[in-house]
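Student: mmCIF, C-alpha atoms, file start.cif:
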data_structure
#
loop_
_atom_site.group_PDB
_atom_site.id
_atom_site.type_symbol
_atom_site.label_atom_id
_atom_site.label_comp_id
_atom_site.auth_asym_id
_atom_site.auth_seq_id
_atom_site.Cartn_x
_atom_site.Cartn_y
_atom_site.Cartn_z
ATOM 1 C CA MET A 16 118.567 154.691 108.584
ATOM 2 C CA LYS A 17 120.582 152.200 106.555
ATOM 3 C CA PRO A 18 121.273 148.886 108.356
ATOM 4 C CA LYS A 19 124.831 148.182 109.408
ATOM 5 C CA ALA A 20 124.435 144.425 109.059
ATOM 6 C CA TYR A 21 122.022 141.778 107.748
ATOM 7 C CA GLU A 22 121.138 138.321 109.012
ATOM 8 C CA PHE A 23 120.460 135.651 106.401
ATOM 9 C CA THR A 24 118.506 132.463 107.099
ATOM 10 C CA PRO A 25 118.775 129.707 104.444
ATOM 11 C CA THR A 26 115.449 128.362 103.204
ATOM 12 C CA VAL A 27 114.269 125.740 100.724
ATOM 13 C CA THR A 28 110.940 126.154 98.919
ATOM 14 C CA VAL A 29 109.425 123.165 97.121
ATOM 15 C CA VAL A 30 106.649 123.952 94.644
ATOM 16 C CA PRO A 31 104.788 121.053 92.969
ATOM 17 C CA ALA A 32 104.315 121.598 89.234
ATOM 18 C CA GLN A 33 101.652 120.614 86.717
ATOM 19 C CA PRO A 34 102.879 119.448 83.296
ATOM 20 C CA ILE A 35 102.215 121.553 80.194
ATOM 21 C CA LEU A 36 101.422 119.161 77.361
ATOM 22 C CA ALA A 37 103.368 119.480 74.125
ATOM 23 C CA SER A 38 101.665 121.139 71.153
ATOM 24 C CA ARG A 39 101.133 117.894 69.244
ATOM 25 C CA PRO A 40 98.124 115.581 68.797
ATOM 26 C CA LEU A 41 97.331 113.485 71.849
ATOM 27 C CA ASP A 42 98.333 109.870 71.222
ATOM 28 C CA TRP A 43 95.766 107.907 73.197
ATOM 29 C CA ASN A 44 97.595 104.619 72.642
ATOM 30 C CA GLU A 45 100.663 106.060 74.367
ATOM 31 C CA ILE A 46 98.560 107.696 77.065
ATOM 32 C CA LEU A 47 96.424 104.665 77.921
ATOM 33 C CA GLN A 48 98.721 101.739 77.145
ATOM 34 C CA LYS A 49 102.171 103.159 77.854
ATOM 35 C CA GLU A 50 101.081 105.762 80.443
ATOM 36 C CA THR A 51 103.146 108.384 78.614
ATOM 37 C CA VAL A 52 102.405 112.007 77.798
ATOM 38 C CA TRP A 53 104.641 114.439 75.918
ATOM 39 C CA THR A 54 105.301 117.684 77.735
ATOM 40 C CA GLU A 55 107.039 120.952 76.919
ATOM 41 C CA GLY A 56 107.230 122.417 80.395
ATOM 42 C CA VAL A 57 105.588 122.711 83.785
ATOM 43 C CA GLN A 58 103.653 125.399 85.605
ATOM 44 C CA THR A 59 103.181 126.004 89.303
ATOM 45 C CA GLN A 60 100.340 127.576 91.216
ATOM 46 C CA CYS A 61 100.684 130.995 92.808
ATOM 47 C CA LEU A 62 102.171 130.986 96.275
ATOM 48 C CA THR A 63 103.484 133.133 99.083
ATOM 49 C CA THR A 64 106.483 132.107 101.140
ATOM 50 C CA GLU A 65 104.451 132.582 104.315
ATOM 51 C CA SER A 66 101.703 130.196 103.202
ATOM 52 C CA ALA A 67 104.326 127.644 102.083
ATOM 53 C CA ARG A 68 106.056 127.879 105.485
ATOM 54 C CA ARG A 69 102.720 127.444 107.327
ATOM 55 C CA GLU A 70 101.855 124.393 105.226
ATOM 56 C CA ALA A 71 105.206 122.743 105.989
ATOM 57 C CA ASP A 72 104.782 123.471 109.711
ATOM 58 C CA ARG A 73 101.248 122.042 109.651
ATOM 59 C CA MET A 74 102.326 118.796 107.977
ATOM 60 C CA LEU A 75 105.293 118.369 110.300
ATOM 61 C CA ARG A 76 103.141 118.941 113.415
ATOM 62 C CA ALA A 77 100.603 116.395 112.174
ATOM 63 C CA CYS A 78 103.386 113.870 111.551
ATOM 64 C CA ARG A 79 104.863 114.429 115.027
ATOM 65 C CA GLU A 80 101.453 113.872 116.609
ATOM 66 C CA ARG A 81 100.919 110.618 114.716
ATOM 67 C CA LEU A 82 104.374 109.423 115.767
ATOM 68 C CA ARG A 83 103.628 110.350 119.370
ATOM 69 C CA ARG A 84 100.521 108.133 119.196
ATOM 70 C CA GLY A 85 102.653 105.229 117.926
ATOM 71 C CA ASP A 86 101.697 105.415 114.228
ATOM 72 C CA ARG A 87 104.855 104.126 112.528
ATOM 73 C CA TYR A 88 103.449 104.831 109.051
ATOM 74 C CA ALA A 89 103.456 108.581 109.627
ATOM 75 C CA LEU A 90 106.976 109.265 108.342
ATOM 76 C CA THR A 91 106.803 107.222 105.140
ATOM 77 C CA GLU A 92 103.412 108.722 104.290
ATOM 78 C CA LEU A 93 104.783 112.221 104.912
ATOM 79 C CA LEU A 94 107.693 111.474 102.546
ATOM 80 C CA ASP A 95 105.339 109.959 99.970
ATOM 81 C CA ASP A 96 103.395 113.209 100.029
ATOM 82 C CA ASN A 97 106.572 115.244 99.583
ATOM 83 C CA PRO A 98 110.066 113.698 99.579
ATOM 84 C CA ALA A 99 111.532 117.140 100.357
ATOM 85 C CA PHE A 100 110.662 116.604 104.036
ATOM 86 C CA ILE A 101 113.762 114.410 104.295
ATOM 87 C CA GLU A 102 115.612 117.761 104.467
ATOM 88 C CA VAL A 103 114.256 118.212 108.011
ATOM 89 C CA GLU A 104 116.745 116.908 110.560
ATOM 90 C CA TRP A 105 114.295 115.369 113.025
ATOM 91 C CA VAL A 106 112.500 113.561 110.175
ATOM 92 C CA ARG A 107 115.774 111.921 109.090
ATOM 93 C CA GLU A 108 116.663 110.938 112.646
ATOM 94 C CA ALA A 109 113.223 109.499 113.407
ATOM 95 C CA LEU A 110 113.205 107.542 110.146
ATOM 96 C CA LEU A 111 116.615 106.014 110.911
ATOM 97 C CA ARG A 112 115.438 104.975 114.382
ATOM 98 C CA LEU A 113 112.372 103.274 112.929
ATOM 99 C CA LEU A 114 114.427 101.539 110.233
ATOM 100 C CA GLU A 115 116.754 100.189 112.906
ATOM 101 C CA GLY A 116 113.708 98.751 114.667
ATOM 102 C CA GLY A 117 113.040 96.480 111.689
ATOM 103 C CA LEU A 118 109.241 96.911 111.580
ATOM 104 C CA PRO A 119 107.392 97.495 108.273
ATOM 105 C CA LEU A 120 106.960 101.232 107.709
ATOM 106 C CA ARG A 121 104.510 101.077 104.821
ATOM 107 C CA ARG A 122 100.901 99.936 104.649
ATOM 108 C CA ARG A 123 99.850 97.263 102.192
ATOM 109 C CA GLY A 124 98.702 98.438 98.773
ATOM 110 C CA ARG A 125 99.709 101.082 96.269
ATOM 111 C CA ILE A 126 101.754 104.064 97.390
ATOM 112 C CA ARG A 127 99.553 107.154 97.546
ATOM 113 C CA GLY A 128 100.085 109.298 94.455
ATOM 114 C CA LYS A 129 102.406 106.822 92.672
ATOM 115 C CA HIS A 130 100.125 106.301 89.683
ATOM 116 C CA PHE A 131 99.795 107.750 86.203
ATOM 117 C CA ARG A 132 96.235 108.904 86.839
ATOM 118 C CA SER A 133 97.313 111.563 89.297
ATOM 119 C CA PRO A 134 95.456 114.861 89.821
ATOM 120 C CA HIS A 135 98.206 116.776 88.006
ATOM 121 C CA ILE A 136 98.023 114.559 84.918
ATOM 122 C CA ILE A 137 94.218 114.712 84.936
ATOM 123 C CA ARG A 138 94.222 118.511 85.205
ATOM 124 C CA ALA A 139 96.820 118.816 82.424
ATOM 125 C CA LEU A 140 94.749 116.639 80.064
ATOM 126 C CA VAL A 141 91.482 118.418 80.871
ATOM 127 C CA GLU A 142 92.974 121.885 80.388
ATOM 128 C CA CYS A 143 94.661 120.753 77.157
ATOM 129 C CA LEU A 144 91.369 119.449 75.723
ATOM 130 C CA VAL A 145 89.534 122.679 76.590
ATOM 131 C CA THR A 146 92.327 124.981 75.357
ATOM 132 C CA ARG A 147 92.589 123.194 72.021
ATOM 133 C CA GLY A 148 88.833 123.334 71.524
ATOM 134 C CA ASP A 149 88.324 119.564 71.518
ATOM 135 C CA VAL A 150 85.619 120.069 74.159
ATOM 136 C CA PRO A 151 83.809 123.254 75.298
ATOM 137 C CA SER A 152 84.213 122.822 79.076
ATOM 138 C CA SER A 153 85.849 120.871 81.873
ATOM 139 C CA GLU A 154 82.690 118.829 82.404
ATOM 140 C CA GLU A 155 82.730 117.788 78.759
ATOM 141 C CA ALA A 156 86.407 116.879 79.136
ATOM 142 C CA PHE A 157 85.521 114.543 82.032
ATOM 143 C CA CYS A 158 83.097 112.699 79.729
ATOM 144 C CA TYR A 159 85.640 112.697 76.885
ATOM 145 C CA LEU A 160 88.278 111.035 79.070
ATOM 146 C CA GLU A 161 85.710 108.524 80.326
ATOM 147 C CA ASP A 162 84.827 107.591 76.717
ATOM 148 C CA LYS A 163 88.530 107.060 76.021
ATOM 149 C CA GLY A 164 88.647 104.558 78.888
ATOM 150 C CA PHE A 165 90.820 106.710 81.149
ATOM 151 C CA ALA A 166 88.556 106.345 84.213
ATOM 152 C CA SER A 167 84.955 107.072 85.158
ATOM 153 C CA LYS A 168 83.927 110.718 84.818
ATOM 154 C CA HIS A 169 83.181 110.827 88.551
ATOM 155 C CA THR A 170 86.746 109.687 89.352
ATOM 156 C CA ILE A 171 88.184 112.144 86.832
ATOM 157 C CA ARG A 172 86.146 115.018 88.275
ATOM 158 C CA ARG A 173 87.255 114.150 91.815
ATOM 159 C CA LEU A 174 90.934 113.986 90.830
ATOM 160 C CA PHE A 175 90.683 117.204 88.813
ATOM 161 C CA TYR A 176 89.559 119.221 91.833
ATOM 162 C CA GLN A 177 91.656 117.228 94.309
ATOM 163 C CA GLY A 178 94.829 118.615 92.731
ATOM 164 C CA ARG A 179 94.229 122.023 94.306
ATOM 165 C CA GLN A 180 93.182 120.732 97.732
ATOM 166 C CA ASP A 181 95.400 117.747 98.501
ATOM 167 C CA SER A 182 98.411 118.417 100.738
ATOM 168 C CA ARG A 183 100.660 116.640 98.210
ATOM 169 C CA PHE A 184 100.210 119.514 95.775
ATOM 170 C CA ARG A 185 100.748 122.486 98.074
ATOM 171 C CA PRO A 186 104.026 124.424 98.183
ATOM 172 C CA VAL A 187 106.120 123.999 101.329
ATOM 173 C CA GLN A 188 109.053 125.971 102.693
ATOM 174 C CA PHE A 189 111.682 124.925 105.219
ATOM 175 C CA GLU A 190 113.831 127.358 107.201
ATOM 176 C CA TYR A 191 117.216 126.528 108.715
ATOM 177 C CA PRO A 192 117.756 129.036 111.537
ATOM 178 C CA GLU A 193 120.696 126.981 112.846
ATOM 179 C CA ARG A 194 122.527 127.896 109.621
ATOM 180 C CA SER A 195 121.831 131.636 109.857
ATOM 181 C CA PHE A 196 124.750 133.981 109.326
ATOM 182 C CA ARG A 197 125.426 137.703 109.496
ATOM 183 C CA LEU A 198 127.034 139.975 106.926
ATOM 184 C CA THR A 199 127.983 143.610 107.137
ATOM 185 C CA ALA A 200 126.075 145.986 104.898
ATOM 186 C CA GLU A 201 129.112 146.221 102.646
ATOM 187 C CA GLU A 202 129.416 142.430 102.354
ATOM 188 C CA ALA A 203 125.693 142.016 101.704
ATOM 189 C CA GLU A 204 125.444 144.698 99.022
ATOM 190 C CA PRO A 205 126.433 142.401 96.074
ATOM 191 C CA TRP A 206 123.762 139.917 97.162
ATOM 192 C CA LEU A 207 121.071 142.536 97.574
ATOM 193 C CA ARG A 208 121.758 144.031 94.149
ATOM 194 C CA ARG A 209 120.780 140.678 92.614
ATOM 195 C CA VAL A 210 117.346 140.680 94.283
ATOM 196 C CA ARG A 211 114.451 141.507 91.969
ATOM 197 C CA ILE A 212 111.124 142.369 93.612
ATOM 198 C CA LEU A 213 108.251 142.075 91.145
ATOM 199 C CA GLY A 214 105.255 144.364 91.353
ATOM 200 C CA GLU A 215 101.700 143.269 90.597
ATOM 201 C CA GLY A 216 101.397 142.053 87.020
ATOM 202 C CA GLU A 217 105.157 142.076 86.385
ATOM 203 C CA ARG A 218 107.067 139.098 85.039
ATOM 204 C CA LEU A 219 110.693 138.036 84.951
ATOM 205 C CA VAL A 220 112.014 135.663 82.277
ATOM 206 C CA TYR A 221 115.208 133.707 82.854
ATOM 207 C CA ARG A 222 116.848 131.707 80.077
ATOM 208 C CA GLY A 223 119.741 129.375 80.679
ATOM 209 C CA GLN A 224 121.250 125.935 80.243
ATOM 210 C CA ASP A 225 120.450 122.899 82.375
ATOM 211 C CA PRO A 226 122.973 119.997 82.289
ATOM 212 C CA THR A 227 120.128 117.492 81.849
ATOM 213 C CA LEU A 228 117.319 119.391 80.111
ATOM 214 C CA GLY A 229 119.414 121.607 77.863
ATOM 215 C CA GLU A 230 118.046 125.092 77.140
ATOM 216 C CA VAL A 231 115.389 126.114 79.665
ATOM 217 C CA GLU A 232 113.178 129.140 80.222
ATOM 218 C CA LEU A 233 111.795 130.110 83.633
ATOM 219 C CA ILE A 234 109.006 132.668 83.928
ATOM 220 C CA PHE A 235 108.177 134.308 87.259
ATOM 221 C CA GLU A 236 104.917 136.275 87.462
ATOM 222 C CA ALA A 237 103.541 138.390 90.298
ATOM 223 C CA THR A 238 99.791 138.526 90.787
#
I'd like the structure from this file rewritten - as structure tokens, please.
Tutor:
Amino acid sequence: MKPKAYEFTPTVTVVPAQPILASRPLDWNEILQKETVWTEGVQTQCLTTESARREADRMLRACRERLRRGDRYALTELLDDNPAFIEVEWVREALLRLLEGGLPLRRRGRIRGKHFRSPHIIRALVECLVTRGDVPSSEEAFCYLEDKGFASKHTIRRLFYQGRQDSRFRPVQFEYPERSFRLTAEEAEPWLRRVRILGEGERLVYRGQDPTLGEVELIFEAT
């Protein structure tokens, strides 16, 4: 039986992306001295909305527990991991309360993840070297980057695999049930006609203009 009405709940999904290096020779002076790489796009890992929602819930629960125990660094470290958490109302309110208290909210030292040698950059360089045939394997790429003075091969290997395990690089999804709204079936029909559900192995290509980036191409693939 066809529904008479639909309820819509706004959501925001944030998916970290790994850079795709431009098809040009790697300039190691720029990479090592200027900490600059040329890119031609980004790619994200596969995700499900359910897993992204669970990951956001897990990180928020962990932050709440740290705050409950009096750890004032919890909020800034959560936002360092993913600034999108500022979208959550209680995170904003708790941060404002702590700021009004005047105590330092950040530990001494470098901000976690705010460095050129991040897992995403490492993975992009390693995959680029293997794809172009400069080295036969990831392990050889670790040694190659060490010889270039990027970091030790043990550090490079750790960062390479960390990119798929660290909470900073997992998709998260926020739901806003307080903003839910209902539409009749007739009102919802134009929205529903725009929905494209991809089957296994299918892809959808969107081309358009971005005010900052210019012409862009988005590719969605179902696995």
Student: Could you state the separation of atom CA of A:Phe175 and atom CA of A:Gln188 in Å, given to one decimal place?
Tutor: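 The value is 24.6 Å.
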Student: Please write as an MDAnalysis selection string the full residue list that the PyMOL selection byres ((chain A and resi 168) around 12) yields on this file.
Tutor: chainID A and resid 137 141 153:167 169:175
Student: Could you list, as a PDB file with C-alpha atoms, in the frame of the given file, every residue within 12 Å of A:Val231, counting all atoms listed in the file and ignoring same-chain residues fewer than 4 positions away?
Tutor:
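Wrote it out as selection-v9.pdb, contents follow:
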ATOM      1  CA  GLU A  55     107.039 120.952  76.919  1.00  0.00           C
ATOM      2  CA  GLY A  56     107.230 122.417  80.395  1.00  0.00           C
ATOM      3  CA  VAL A  57     105.588 122.711  83.785  1.00  0.00           C
ATOM      4  CA  VAL A 220     112.014 135.663  82.277  1.00  0.00           C
ATOM      5  CA  TYR A 221     115.208 133.707  82.854  1.00  0.00           C
ATOM      6  CA  ARG A 222     116.848 131.707  80.077  1.00  0.00           C
ATOM      7  CA  GLY A 223     119.741 129.375  80.679  1.00  0.00           C
ATOM      8  CA  GLN A 224     121.250 125.935  80.243  1.00  0.00           C
ATOM      9  CA  ASP A 225     120.450 122.899  82.375  1.00  0.00           C
ATOM     10  CA  PRO A 226     122.973 119.997  82.289  1.00  0.00           C
ATOM     11  CA  THR A 227     120.128 117.492  81.849  1.00  0.00           C
TER      12      THR A 227
END
Student: Check what the PyMOL selection byres ((chain A and resi 100-106) around 9) selects in the file above and give those residues as a PDB file with C-alpha atoms, in the frame of the given file.
Tutor:
ATOM      1  CA  VAL A  27     114.269 125.740 100.724  1.00  0.00           C
ATOM      2  CA  ALA A  71     105.206 122.743 105.989  1.00  0.00           C
ATOM      3  CA  LEU A  75     105.293 118.369 110.300  1.00  0.00           C
ATOM      4  CA  LEU A  90     106.976 109.265 108.342  1.00  0.00           C
ATOM      5  CA  LEU A  93     104.783 112.221 104.912  1.00  0.00           C
ATOM      6  CA  LEU A  94     107.693 111.474 102.546  1.00  0.00           C
ATOM      7  CA  ASP A  96     103.395 113.209 100.029  1.00  0.00           C
ATOM      8  CA  ASN A  97     106.572 115.244  99.583  1.00  0.00           C
ATOM      9  CA  PRO A  98     110.066 113.698  99.579  1.00  0.00           C
ATOM     10  CA  ALA A  99     111.532 117.140 100.357  1.00  0.00           C
ATOM     11  CA  ARG A 107     115.774 111.921 109.090  1.00  0.00           C
ATOM     12  CA  GLU A 108     116.663 110.938 112.646  1.00  0.00           C
ATOM     13  CA  ALA A 109     113.223 109.499 113.407  1.00  0.00           C
ATOM     14  CA  LEU A 110     113.205 107.542 110.146  1.00  0.00           C
ATOM     15  CA  LEU A 111     116.615 106.014 110.911  1.00  0.00           C
ATOM     16  CA  PHE A 189     111.682 124.925 105.219  1.00  0.00           C
ATOM     17  CA  TYR A 191     117.216 126.528 108.715  1.00  0.00           C
TER      18      TYR A 191
END
Student: Mind pulling up the distance from atom CA of A:Leu120 to atom CA of A:Pro31?
Tutor: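 Between atom CA of A:Pro31 and atom CA of A:Leu120 the gap is 24.8 Å.
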Student: Could you check how far atom CA of A:Arg112 sits from atom CA of A:Glu80, in Å to one decimal?
Tutor: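 Atom CA of A:Arg112 sits 16.7 Å away from atom CA of A:Glu80.
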Student: With a distance cut-off of 12 Å and all atoms listed in the file, select the neighbouring residues of A:Lys17, excluding the residue or stretch itself and same-chain residues fewer than 2 positions from it, and output the selection as an NGL selection string.
Tutor: :A and (19-21 or 199-201 or 204)
Student: Emit a file covering stretch 95-146 of chain A of the preceding structure with C-alpha atoms, as a short mmCIF file (atom, residue, chain, number, x, y, z; two decimals), in the first residue's frame.
Tutor:
data_model
loop_
_atom_site.label_atom_id
_atom_site.label_comp_id
_atom_site.auth_asym_id
_atom_site.auth_seq_id
_atom_site.Cartn_x
_atom_site.Cartn_y
_atom_site.Cartn_z
CA ASP A 95 40.65 18.39 16.11
CA ASP A 96 39.71 14.88 15.03
CA ASN A 97 36.73 16.17 13.06
CA PRO A 98 35.62 19.83 13.09
CA ALA A 99 32.17 18.75 11.86
CA PHE A 100 31.25 17.84 15.45
CA ILE A 101 30.68 21.55 16.09
CA GLU A 102 27.35 20.91 14.30
CA VAL A 103 26.15 19.04 17.41
CA GLU A 104 24.26 21.38 19.72
CA TRP A 105 25.52 20.04 23.05
CA VAL A 106 29.13 20.19 21.80
CA ARG A 107 28.74 23.90 20.98
CA GLU A 108 27.11 24.65 24.33
CA ALA A 109 29.72 22.74 26.34
CA LEU A 110 32.56 24.42 24.45
CA LEU A 111 31.13 27.88 25.14
CA ARG A 112 30.81 27.07 28.85
CA LEU A 113 34.44 25.96 29.00
CA LEU A 114 35.62 29.02 27.09
CA GLU A 115 33.80 31.25 29.56
CA GLY A 116 35.69 29.49 32.35
CA GLY A 117 38.98 30.82 30.98
CA LEU A 118 41.03 27.62 31.44
CA PRO A 119 43.36 26.33 28.68
CA LEU A 120 41.51 23.80 26.54
CA ARG A 121 44.47 22.43 24.61
CA ARG A 122 47.44 20.35 25.71
CA ARG A 123 50.97 21.54 25.05
CA GLY A 124 52.56 20.46 21.78
CA ARG A 125 51.48 20.00 18.19
CA ILE A 126 47.81 19.60 17.36
CA ARG A 127 47.08 15.98 16.48
CA GLY A 128 46.89 15.55 12.71
CA LYS A 129 47.94 19.14 11.87
CA HIS A 130 51.09 18.14 10.00
CA PHE A 131 52.04 17.53 6.39
CA ARG A 132 53.13 13.97 7.10
CA SER A 133 49.59 12.80 7.76
CA PRO A 134 48.34 9.26 7.04
CA HIS A 135 46.36 10.51 4.04
CA ILE A 136 49.38 12.19 2.45
CA ILE A 137 51.55 9.14 3.15
CA ARG A 138 48.99 6.78 1.60
CA ALA A 139 48.59 9.04 -1.45
CA LEU A 140 52.36 9.12 -2.06
CA VAL A 141 52.78 5.37 -1.54
CA GLU A 142 49.91 4.48 -3.88
CA CYS A 143 51.19 6.98 -6.47
CA LEU A 144 54.69 5.44 -6.44
CA VAL A 145 53.30 1.91 -6.84
CA THR A 146 50.76 2.86 -9.53
#
